[in-house]
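protein.cif follows; it contains mmCIF, C-alpha atoms, pLDDT in the B column; chains and numbers go by the auth columns.
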data_protein
#
loop_
_atom_site.group_PDB
_atom_site.id
_atom_site.type_symbol
_atom_site.label_atom_id
_atom_site.label_comp_id
_atom_site.label_asym_id
_atom_site.label_seq_id
_atom_site.Cartn_x
_atom_site.Cartn_y
_atom_site.Cartn_z
_atom_site.B_iso_or_equiv
_atom_site.auth_seq_id
_atom_site.auth_asym_id
ATOM 1 C CA MET A 1 -18.422 -14.407 -5.602 95.00 1 A
ATOM 2 C CA TYR A 2 -14.901 -14.223 -4.194 97.00 2 A
ATOM 3 C CA THR A 3 -14.220 -10.982 -2.304 97.00 3 A
ATOM 4 C CA LEU A 4 -10.981 -9.383 -1.137 97.00 4 A
ATOM 5 C CA LYS A 5 -10.666 -6.339 1.080 98.00 5 A
ATOM 6 C CA THR A 6 -7.783 -3.969 1.745 98.00 6 A
ATOM 7 C CA SER A 7 -7.462 -0.455 3.070 98.00 7 A
ATOM 8 C CA ALA A 8 -5.112 2.495 3.325 98.00 8 A
ATOM 9 C CA ALA A 9 -5.337 5.763 5.234 98.00 9 A
ATOM 10 C CA PHE A 10 -4.242 9.338 4.734 98.00 10 A
ATOM 11 C CA ASP A 11 -4.426 12.586 6.682 98.00 11 A
ATOM 12 C CA SER A 12 -5.729 15.705 5.002 98.00 12 A
ATOM 13 C CA ALA A 13 -7.898 18.755 5.499 97.00 13 A
ATOM 14 C CA HIS A 14 -10.928 19.988 3.640 98.00 14 A
ATOM 15 C CA PHE A 15 -13.986 22.197 4.018 97.00 15 A
ATOM 16 C CA LEU A 16 -17.426 22.384 2.471 97.00 16 A
ATOM 17 C CA LYS A 17 -18.043 25.754 0.866 96.00 17 A
ATOM 18 C CA GLY A 18 -21.601 26.942 1.273 95.00 18 A
ATOM 19 C CA TYR A 19 -22.372 24.435 4.028 97.00 19 A
ATOM 20 C CA ASN A 20 -24.260 25.744 7.060 97.00 20 A
ATOM 21 C CA GLY A 21 -22.394 24.019 9.876 96.00 21 A
ATOM 22 C CA LYS A 22 -18.997 23.150 11.359 95.00 22 A
ATOM 23 C CA CYS A 23 -17.738 21.542 8.147 96.00 23 A
ATOM 24 C CA ALA A 24 -17.756 24.927 6.410 96.00 24 A
ATOM 25 C CA ASN A 25 -14.507 25.608 8.281 97.00 25 A
ATOM 26 C CA ILE A 26 -11.195 23.969 7.362 96.00 26 A
ATOM 27 C CA HIS A 27 -10.763 20.790 9.388 97.00 27 A
ATOM 28 C CA GLY A 28 -8.842 17.567 9.105 97.00 28 A
ATOM 29 C CA HIS A 29 -9.558 13.860 9.001 97.00 29 A
ATOM 30 C CA ARG A 30 -7.703 10.591 9.124 97.00 30 A
ATOM 31 C CA TRP A 31 -9.442 9.294 5.999 98.00 31 A
ATOM 32 C CA THR A 32 -9.497 5.542 5.380 98.00 32 A
ATOM 33 C CA ILE A 33 -10.140 4.061 1.952 98.00 33 A
ATOM 34 C CA GLU A 34 -11.510 0.519 2.190 98.00 34 A
ATOM 35 C CA VAL A 35 -11.568 -1.300 -1.125 98.00 35 A
ATOM 36 C CA ARG A 36 -13.344 -4.545 -1.954 98.00 36 A
ATOM 37 C CA ALA A 37 -12.418 -6.427 -5.077 98.00 37 A
ATOM 38 C CA GLY A 38 -14.225 -9.460 -6.356 97.00 38 A
ATOM 39 C CA SER A 39 -14.900 -11.933 -9.063 96.00 39 A
ATOM 40 C CA ASP A 40 -17.026 -14.990 -9.699 97.00 40 A
ATOM 41 C CA THR A 41 -13.944 -16.748 -11.051 97.00 41 A
ATOM 42 C CA LEU A 42 -10.301 -17.053 -10.112 96.00 42 A
ATOM 43 C CA ILE A 43 -7.253 -16.657 -12.313 96.00 43 A
ATOM 44 C CA ASP A 44 -6.735 -20.132 -13.718 96.00 44 A
ATOM 45 C CA ASN A 45 -3.093 -20.117 -14.800 96.00 45 A
ATOM 46 C CA GLY A 46 0.312 -18.687 -14.100 96.00 46 A
ATOM 47 C CA GLU A 47 1.806 -17.543 -10.836 96.00 47 A
ATOM 48 C CA LYS A 48 -1.452 -15.850 -9.780 95.00 48 A
ATOM 49 C CA ARG A 49 -3.500 -19.008 -10.276 97.00 49 A
ATOM 50 C CA GLY A 50 -6.237 -19.303 -7.660 97.00 50 A
ATOM 51 C CA MET A 51 -6.433 -15.541 -7.004 97.00 51 A
ATOM 52 C CA VAL A 52 -8.950 -12.819 -7.823 97.00 52 A
ATOM 53 C CA ILE A 53 -6.010 -10.410 -7.943 96.00 53 A
ATOM 54 C CA ASP A 54 -2.655 -10.475 -6.208 96.00 54 A
ATOM 55 C CA PHE A 55 -3.135 -8.776 -2.819 96.00 55 A
ATOM 56 C CA GLY A 56 0.222 -7.064 -3.334 96.00 56 A
ATOM 57 C CA ASP A 57 -0.969 -5.468 -6.576 96.00 57 A
ATOM 58 C CA LEU A 58 -4.257 -4.333 -5.028 97.00 58 A
ATOM 59 C CA LYS A 59 -2.588 -2.948 -1.892 98.00 59 A
ATOM 60 C CA LYS A 60 0.024 -1.109 -3.964 97.00 60 A
ATOM 61 C CA GLU A 61 -2.637 0.719 -5.993 98.00 61 A
ATOM 62 C CA VAL A 62 -4.773 1.618 -2.963 98.00 62 A
ATOM 63 C CA ARG A 63 -1.725 2.793 -0.984 98.00 63 A
ATOM 64 C CA ALA A 64 -0.527 4.958 -3.901 98.00 64 A
ATOM 65 C CA LEU A 65 -3.970 6.533 -4.162 97.00 65 A
ATOM 66 C CA ALA A 66 -4.054 7.301 -0.433 98.00 66 A
ATOM 67 C CA ASP A 67 -0.501 8.658 -0.513 98.00 67 A
ATOM 68 C CA SER A 68 -1.410 11.039 -3.335 98.00 68 A
ATOM 69 C CA PHE A 69 -3.823 12.854 -0.981 98.00 69 A
ATOM 70 C CA ASP A 70 -1.761 12.641 2.213 98.00 70 A
ATOM 71 C CA HIS A 71 -1.035 15.849 4.146 98.00 71 A
ATOM 72 C CA ALA A 72 -2.794 18.166 1.733 98.00 72 A
ATOM 73 C CA LEU A 73 -5.610 20.666 1.775 98.00 73 A
ATOM 74 C CA ILE A 74 -8.270 19.267 -0.531 98.00 74 A
ATOM 75 C CA VAL A 75 -10.488 21.935 -2.056 97.00 75 A
ATOM 76 C CA GLU A 76 -13.326 21.927 -4.519 98.00 76 A
ATOM 77 C CA LYS A 77 -12.416 23.772 -7.707 97.00 77 A
ATOM 78 C CA ASP A 78 -13.172 27.489 -7.456 95.00 78 A
ATOM 79 C CA SER A 79 -14.095 27.285 -3.752 96.00 79 A
ATOM 80 C CA LEU A 80 -11.230 29.564 -2.695 96.00 80 A
ATOM 81 C CA LYS A 81 -10.491 33.026 -3.970 95.00 81 A
ATOM 82 C CA PRO A 82 -7.511 33.030 -6.348 95.00 82 A
ATOM 83 C CA LYS A 83 -5.582 35.296 -3.942 96.00 83 A
ATOM 84 C CA THR A 84 -6.148 32.804 -1.113 96.00 84 A
ATOM 85 C CA THR A 85 -4.907 29.901 -3.220 94.00 85 A
ATOM 86 C CA GLN A 86 -1.887 31.945 -4.312 95.00 86 A
ATOM 87 C CA ALA A 87 -1.037 32.959 -0.733 97.00 87 A
ATOM 88 C CA LEU A 88 -1.292 29.367 0.532 96.00 88 A
ATOM 89 C CA SER A 89 0.845 28.143 -2.354 94.00 89 A
ATOM 90 C CA GLU A 90 3.462 30.822 -1.699 96.00 90 A
ATOM 91 C CA GLU A 91 3.622 29.609 1.914 96.00 91 A
ATOM 92 C CA GLY A 92 4.397 26.128 0.617 96.00 92 A
ATOM 93 C CA PHE A 93 1.084 24.485 1.492 96.00 93 A
ATOM 94 C CA ARG A 94 0.100 21.507 -0.629 97.00 94 A
ATOM 95 C CA ILE A 95 -3.312 22.109 -2.173 97.00 95 A
ATOM 96 C CA ILE A 96 -5.207 19.529 -4.193 97.00 96 A
ATOM 97 C CA GLU A 97 -8.081 20.888 -6.228 97.00 97 A
ATOM 98 C CA VAL A 98 -10.834 18.410 -7.105 98.00 98 A
ATOM 99 C CA GLU A 99 -13.804 18.742 -9.453 98.00 99 A
ATOM 100 C CA PHE A 100 -16.284 17.686 -6.757 98.00 100 A
ATOM 101 C CA ARG A 101 -17.359 18.717 -3.270 98.00 101 A
ATOM 102 C CA PRO A 102 -14.910 16.835 -0.996 98.00 102 A
ATOM 103 C CA THR A 103 -17.425 14.712 0.903 98.00 103 A
ATOM 104 C CA ALA A 104 -16.969 11.067 1.881 98.00 104 A
ATOM 105 C CA GLU A 105 -19.688 10.150 -0.619 98.00 105 A
ATOM 106 C CA ASN A 106 -17.956 11.884 -3.510 98.00 106 A
ATOM 107 C CA PHE A 107 -14.559 10.487 -2.516 98.00 107 A
ATOM 108 C CA ALA A 108 -15.992 6.957 -2.487 98.00 108 A
ATOM 109 C CA ARG A 109 -17.197 7.397 -6.079 98.00 109 A
ATOM 110 C CA TYR A 110 -13.971 9.118 -7.148 98.00 110 A
ATOM 111 C CA PHE A 111 -11.717 6.376 -5.723 98.00 111 A
ATOM 112 C CA TYR A 112 -13.976 3.690 -7.221 98.00 112 A
ATOM 113 C CA ASP A 113 -13.698 5.309 -10.656 98.00 113 A
ATOM 114 C CA VAL A 114 -9.914 5.739 -10.432 98.00 114 A
ATOM 115 C CA LEU A 115 -9.353 2.114 -9.419 98.00 115 A
ATOM 116 C CA THR A 116 -11.744 0.624 -11.980 98.00 116 A
ATOM 117 C CA ASP A 117 -10.155 2.819 -14.680 98.00 117 A
ATOM 118 C CA ARG A 118 -6.901 1.052 -13.733 97.00 118 A
ATOM 119 C CA LYS A 119 -8.663 -2.236 -14.606 97.00 119 A
ATOM 120 C CA LEU A 120 -8.822 -3.470 -11.003 97.00 120 A
ATOM 121 C CA PRO A 121 -11.791 -5.759 -10.184 97.00 121 A
ATOM 122 C CA VAL A 122 -13.179 -3.313 -7.599 98.00 122 A
ATOM 123 C CA THR A 123 -16.745 -3.943 -6.468 98.00 123 A
ATOM 124 C CA ARG A 124 -17.073 -1.407 -3.654 98.00 124 A
ATOM 125 C CA VAL A 125 -15.188 1.493 -2.094 98.00 125 A
ATOM 126 C CA THR A 126 -15.919 2.787 1.396 98.00 126 A
ATOM 127 C CA VAL A 127 -14.403 6.018 2.669 98.00 127 A
ATOM 128 C CA TYR A 128 -14.233 6.689 6.399 98.00 128 A
ATOM 129 C CA GLU A 129 -13.982 10.274 7.657 96.00 129 A
ATOM 130 C CA THR A 130 -13.884 9.004 11.220 94.00 130 A
ATOM 131 C CA PRO A 131 -13.816 5.465 12.650 94.00 131 A
ATOM 132 C CA ASP A 132 -17.627 5.579 12.960 96.00 132 A
ATOM 133 C CA ASN A 133 -18.681 7.550 9.857 97.00 133 A
ATOM 134 C CA CYS A 134 -18.292 6.337 6.309 98.00 134 A
ATOM 135 C CA ALA A 135 -19.833 6.389 2.852 98.00 135 A
ATOM 136 C CA SER A 136 -19.702 3.654 0.207 98.00 136 A
ATOM 137 C CA TYR A 137 -20.025 3.460 -3.547 98.00 137 A
ATOM 138 C CA GLU A 138 -20.590 0.356 -5.632 97.00 138 A
ATOM 139 C CA ALA A 139 -21.806 0.021 -9.194 86.00 139 A
#

How would this structure read if it were set down as structure tokens?
Amino acid sequence: MYTLKTSAAFDSAHFLKGYNGKCANIHGHRWTIEVRAGSDTLIDNGEKRGMVIDFGDLKKEVRALADSFDHALIVEKDSLKPKTTQALSEEGFRIIEVEFRPTAENFARYFYDVLTDRKLPVTRVTVYETPDNCASYEA
């Protein structure tokens, strides 16, 4: 199998509601999304002949995904009181509400699903919370 790898990073904050530990409090990360794409065959005609996918196309999609979460507070749906969300919004804070607990594991699956839904030949997504701690998802 041919394998390509690219990555993009973003800065954001999150917290884990109901968690008994430091991560229950709002804190930030320099998240890195590492994406592997692969195929047993290469494109056999046209300008992209000899490629799994154009690196430029893959990088563009991964960068756009990272940028969409950059400098935001990522919260699990219904994890903040409505008044808290309203107050933060009125102060101009960017809040992104997700349907899952914002863990590295869940982000890896989420990013994998988004990229494969865009018909990219993604085989694995790894999400780093820190340079030494990451979670991966592959189907």

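Among A:Ala104, A:Val75, A:Leu115, A:Leu120, the residue with the shortest atom-to-atom distance to Ala24 in chain A, counting only C-alpha atoms, is A:Val75.
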
Kindly assemble as a tab-separated table a list of the range 78-120 of chain A residues that lie within 12 Å of range 33-57 of chain A, each paired with its nearest atom pair and their distance in Å to one decimal, using all atoms listed in the file, sorted first by chain and then by ascending residue number.
residue	atom	partner	partner_atom	distance
A:Ala104	CA	A:Ile33	CA	9.8
A:Glu105	CA	A:Ile33	CA	11.6
A:Phe107	CA	A:Ile33	CA	9.0
A:Ala108	CA	A:Ile33	CA	7.9
A:Arg109	CA	A:Ile33	CA	11.2
A:Tyr110	CA	A:Ile33	CA	11.1
A:Phe111	CA	A:Ile33	CA	8.2
A:Tyr112	CA	A:Val35	CA	8.2
A:Asp113	CA	A:Val35	CA	11.8
A:Val114	CA	A:Val35	CA	11.8
A:Leu115	CA	A:Val35	CA	9.2
A:Thr116	CA	A:Ala37	CA	9.9
A:Arg118	CA	A:Asp57	CA	11.4
A:Lys119	CA	A:Ile53	CA	10.9
A:Leu120	CA	A:Ala37	CA	7.5

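Distances here use only C-alpha atoms; by that measure, the residue among A:Asn25, A:Asn20, A:Asn133, A:Thr32 closest to Ala66 in chain A is A:Thr32.
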
Can you translate the PyMOL selection byres ((chain A and resi 74) around 10) into the concrete residues it hits in this file, as an MDAnalysis selection string? chainID A and resid 12:15 26 28 69:73 75:77 94:98 101:102

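Around Trp31 in chain A, within 6 Å and counting all atoms listed in the file, the residues found are A:Ala9, A:Phe10, A:Tyr128, A:Glu129, once anything fewer than 4 positions away on its own chain is removed.
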
Write the selection just made, keeping C-alpha atoms, as a PDB file, keeping the file's coordinate frame?
ATOM      1  CA  ALA A   9      -5.337   5.763   5.234  1.00 98.00           C
ATOM      2  CA  PHE A  10      -4.242   9.338   4.734  1.00 98.00           C
ATOM      3  CA  TYR A 128     -14.233   6.689   6.399  1.00 98.00           C
ATOM      4  CA  GLU A 129     -13.982  10.274   7.657  1.00 96.00           C
TER       5      GLU A 129
END

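You will find CA of Lys5 in chain A at 19.0 Å from CA of Arg30 in chain A.
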
N, CA, C and O atoms are needed for range 34-60 of chain A; please write them out as a PDB file, keeping the file's coordinate frame.
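Output saved as out.pdb:
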ATOM      1  N   GLU A  34     -11.354   1.974   2.120  1.00 98.00           N
ATOM      2  CA  GLU A  34     -11.510   0.519   2.190  1.00 98.00           C
ATOM      3  C   GLU A  34     -12.006   0.042   0.827  1.00 98.00           C
ATOM      4  O   GLU A  34     -13.039   0.510   0.352  1.00 98.00           O
ATOM      5  N   VAL A  35     -11.258  -0.846   0.233  1.00 98.00           N
ATOM      6  CA  VAL A  35     -11.568  -1.300  -1.125  1.00 98.00           C
ATOM      7  C   VAL A  35     -11.882  -2.788  -1.104  1.00 98.00           C
ATOM      8  O   VAL A  35     -11.141  -3.581  -0.531  1.00 98.00           O
ATOM      9  N   ARG A  36     -12.991  -3.143  -1.750  1.00 98.00           N
ATOM     10  CA  ARG A  36     -13.344  -4.545  -1.954  1.00 98.00           C
ATOM     11  C   ARG A  36     -13.220  -4.850  -3.436  1.00 98.00           C
ATOM     12  O   ARG A  36     -13.680  -4.092  -4.277  1.00 98.00           O
ATOM     13  N   ALA A  37     -12.565  -5.952  -3.706  1.00 98.00           N
ATOM     14  CA  ALA A  37     -12.418  -6.427  -5.077  1.00 98.00           C
ATOM     15  C   ALA A  37     -13.048  -7.804  -5.142  1.00 98.00           C
ATOM     16  O   ALA A  37     -13.061  -8.531  -4.149  1.00 98.00           O
ATOM     17  N   GLY A  38     -13.584  -8.163  -6.281  1.00 97.00           N
ATOM     18  CA  GLY A  38     -14.225  -9.460  -6.356  1.00 97.00           C
ATOM     19  C   GLY A  38     -14.382  -9.978  -7.757  1.00 97.00           C
ATOM     20  O   GLY A  38     -14.242  -9.248  -8.736  1.00 97.00           O
ATOM     21  N   SER A  39     -14.686 -11.267  -7.791  1.00 96.00           N
ATOM     22  CA  SER A  39     -14.900 -11.933  -9.063  1.00 96.00           C
ATOM     23  C   SER A  39     -15.626 -13.249  -8.805  1.00 96.00           C
ATOM     24  O   SER A  39     -15.477 -13.844  -7.732  1.00 96.00           O
ATOM     25  N   ASP A  40     -16.388 -13.678  -9.785  1.00 97.00           N
ATOM     26  CA  ASP A  40     -17.026 -14.990  -9.699  1.00 97.00           C
ATOM     27  C   ASP A  40     -16.050 -16.113 -10.027  1.00 97.00           C
ATOM     28  O   ASP A  40     -16.310 -17.277  -9.719  1.00 97.00           O
ATOM     29  N   THR A  41     -14.937 -15.744 -10.664  1.00 97.00           N
ATOM     30  CA  THR A  41     -13.944 -16.748 -11.051  1.00 97.00           C
ATOM     31  C   THR A  41     -12.571 -16.330 -10.549  1.00 97.00           C
ATOM     32  O   THR A  41     -12.327 -15.161 -10.241  1.00 97.00           O
ATOM     33  N   LEU A  42     -11.678 -17.302 -10.508  1.00 96.00           N
ATOM     34  CA  LEU A  42     -10.301 -17.053 -10.112  1.00 96.00           C
ATOM     35  C   LEU A  42      -9.392 -17.164 -11.324  1.00 96.00           C
ATOM     36  O   LEU A  42      -9.739 -17.824 -12.310  1.00 96.00           O
ATOM     37  N   ILE A  43      -8.251 -16.526 -11.254  1.00 96.00           N
ATOM     38  CA  ILE A  43      -7.253 -16.657 -12.313  1.00 96.00           C
ATOM     39  C   ILE A  43      -6.891 -18.140 -12.400  1.00 96.00           C
ATOM     40  O   ILE A  43      -6.661 -18.790 -11.378  1.00 96.00           O
ATOM     41  N   ASP A  44      -6.889 -18.679 -13.607  1.00 96.00           N
ATOM     42  CA  ASP A  44      -6.735 -20.132 -13.718  1.00 96.00           C
ATOM     43  C   ASP A  44      -5.376 -20.609 -14.221  1.00 96.00           C
ATOM     44  O   ASP A  44      -5.177 -21.802 -14.432  1.00 96.00           O
ATOM     45  N   ASN A  45      -4.423 -19.665 -14.386  1.00 96.00           N
ATOM     46  CA  ASN A  45      -3.093 -20.117 -14.800  1.00 96.00           C
ATOM     47  C   ASN A  45      -2.031 -19.127 -14.351  1.00 96.00           C
ATOM     48  O   ASN A  45      -2.343 -18.025 -13.921  1.00 96.00           O
ATOM     49  N   GLY A  46      -0.806 -19.555 -14.452  1.00 96.00           N
ATOM     50  CA  GLY A  46       0.312 -18.687 -14.100  1.00 96.00           C
ATOM     51  C   GLY A  46       0.537 -18.573 -12.603  1.00 96.00           C
ATOM     52  O   GLY A  46      -0.091 -19.268 -11.799  1.00 96.00           O
ATOM     53  N   GLU A  47       1.430 -17.688 -12.244  1.00 96.00           N
ATOM     54  CA  GLU A  47       1.806 -17.543 -10.836  1.00 96.00           C
ATOM     55  C   GLU A  47       0.679 -17.021  -9.957  1.00 96.00           C
ATOM     56  O   GLU A  47       0.701 -17.195  -8.736  1.00 96.00           O
ATOM     57  N   LYS A  48      -0.328 -16.393 -10.556  1.00 95.00           N
ATOM     58  CA  LYS A  48      -1.452 -15.850  -9.780  1.00 95.00           C
ATOM     59  C   LYS A  48      -2.670 -16.779  -9.812  1.00 95.00           C
ATOM     60  O   LYS A  48      -3.776 -16.376  -9.450  1.00 95.00           O
ATOM     61  N   ARG A  49      -2.428 -18.012 -10.215  1.00 97.00           N
ATOM     62  CA  ARG A  49      -3.500 -19.008 -10.276  1.00 97.00           C
ATOM     63  C   ARG A  49      -4.157 -19.129  -8.904  1.00 97.00           C
ATOM     64  O   ARG A  49      -3.512 -19.156  -7.877  1.00 97.00           O
ATOM     65  N   GLY A  50      -5.484 -19.164  -8.901  1.00 97.00           N
ATOM     66  CA  GLY A  50      -6.237 -19.303  -7.660  1.00 97.00           C
ATOM     67  C   GLY A  50      -6.508 -17.989  -6.950  1.00 97.00           C
ATOM     68  O   GLY A  50      -7.012 -17.978  -5.829  1.00 97.00           O
ATOM     69  N   MET A  51      -6.214 -16.865  -7.599  1.00 97.00           N
ATOM     70  CA  MET A  51      -6.433 -15.541  -7.004  1.00 97.00           C
ATOM     71  C   MET A  51      -7.464 -14.752  -7.812  1.00 97.00           C
ATOM     72  O   MET A  51      -7.609 -14.956  -9.008  1.00 97.00           O
ATOM     73  N   VAL A  52      -8.139 -13.831  -7.135  1.00 97.00           N
ATOM     74  CA  VAL A  52      -8.950 -12.819  -7.823  1.00 97.00           C
ATOM     75  C   VAL A  52      -7.993 -11.792  -8.421  1.00 97.00           C
ATOM     76  O   VAL A  52      -8.080 -11.426  -9.583  1.00 97.00           O
ATOM     77  N   ILE A  53      -7.084 -11.334  -7.590  1.00 96.00           N
ATOM     78  CA  ILE A  53      -6.010 -10.410  -7.943  1.00 96.00           C
ATOM     79  C   ILE A  53      -4.947 -10.611  -6.873  1.00 96.00           C
ATOM     80  O   ILE A  53      -5.267 -10.965  -5.733  1.00 96.00           O
ATOM     81  N   ASP A  54      -3.723 -10.382  -7.199  1.00 96.00           N
ATOM     82  CA  ASP A  54      -2.655 -10.475  -6.208  1.00 96.00           C
ATOM     83  C   ASP A  54      -2.880  -9.382  -5.163  1.00 96.00           C
ATOM     84  O   ASP A  54      -3.015  -8.205  -5.512  1.00 96.00           O
ATOM     85  N   PHE A  55      -2.945  -9.764  -3.880  1.00 96.00           N
ATOM     86  CA  PHE A  55      -3.135  -8.776  -2.819  1.00 96.00           C
ATOM     87  C   PHE A  55      -2.077  -7.674  -2.900  1.00 96.00           C
ATOM     88  O   PHE A  55      -2.377  -6.504  -2.662  1.00 96.00           O
ATOM     89  N   GLY A  56      -0.853  -8.053  -3.232  1.00 96.00           N
ATOM     90  CA  GLY A  56       0.222  -7.064  -3.334  1.00 96.00           C
ATOM     91  C   GLY A  56      -0.076  -6.002  -4.374  1.00 96.00           C
ATOM     92  O   GLY A  56       0.170  -4.817  -4.150  1.00 96.00           O
ATOM     93  N   ASP A  57      -0.620  -6.419  -5.516  1.00 96.00           N
ATOM     94  CA  ASP A  57      -0.969  -5.468  -6.576  1.00 96.00           C
ATOM     95  C   ASP A  57      -2.101  -4.552  -6.135  1.00 96.00           C
ATOM     96  O   ASP A  57      -2.057  -3.339  -6.360  1.00 96.00           O
ATOM     97  N   LEU A  58      -3.117  -5.122  -5.499  1.00 97.00           N
ATOM     98  CA  LEU A  58      -4.257  -4.333  -5.028  1.00 97.00           C
ATOM     99  C   LEU A  58      -3.810  -3.344  -3.963  1.00 97.00           C
ATOM    100  O   LEU A  58      -4.146  -2.151  -4.022  1.00 97.00           O
ATOM    101  N   LYS A  59      -3.057  -3.816  -2.981  1.00 98.00           N
ATOM    102  CA  LYS A  59      -2.588  -2.948  -1.892  1.00 98.00           C
ATOM    103  C   LYS A  59      -1.707  -1.817  -2.423  1.00 98.00           C
ATOM    104  O   LYS A  59      -1.819  -0.681  -1.962  1.00 98.00           O
ATOM    105  N   LYS A  60      -0.860  -2.127  -3.394  1.00 97.00           N
ATOM    106  CA  LYS A  60       0.024  -1.109  -3.964  1.00 97.00           C
ATOM    107  C   LYS A  60      -0.785   0.031  -4.583  1.00 97.00           C
ATOM    108  O   LYS A  60      -0.474   1.205  -4.384  1.00 97.00           O
TER     109      LYS A  60
END
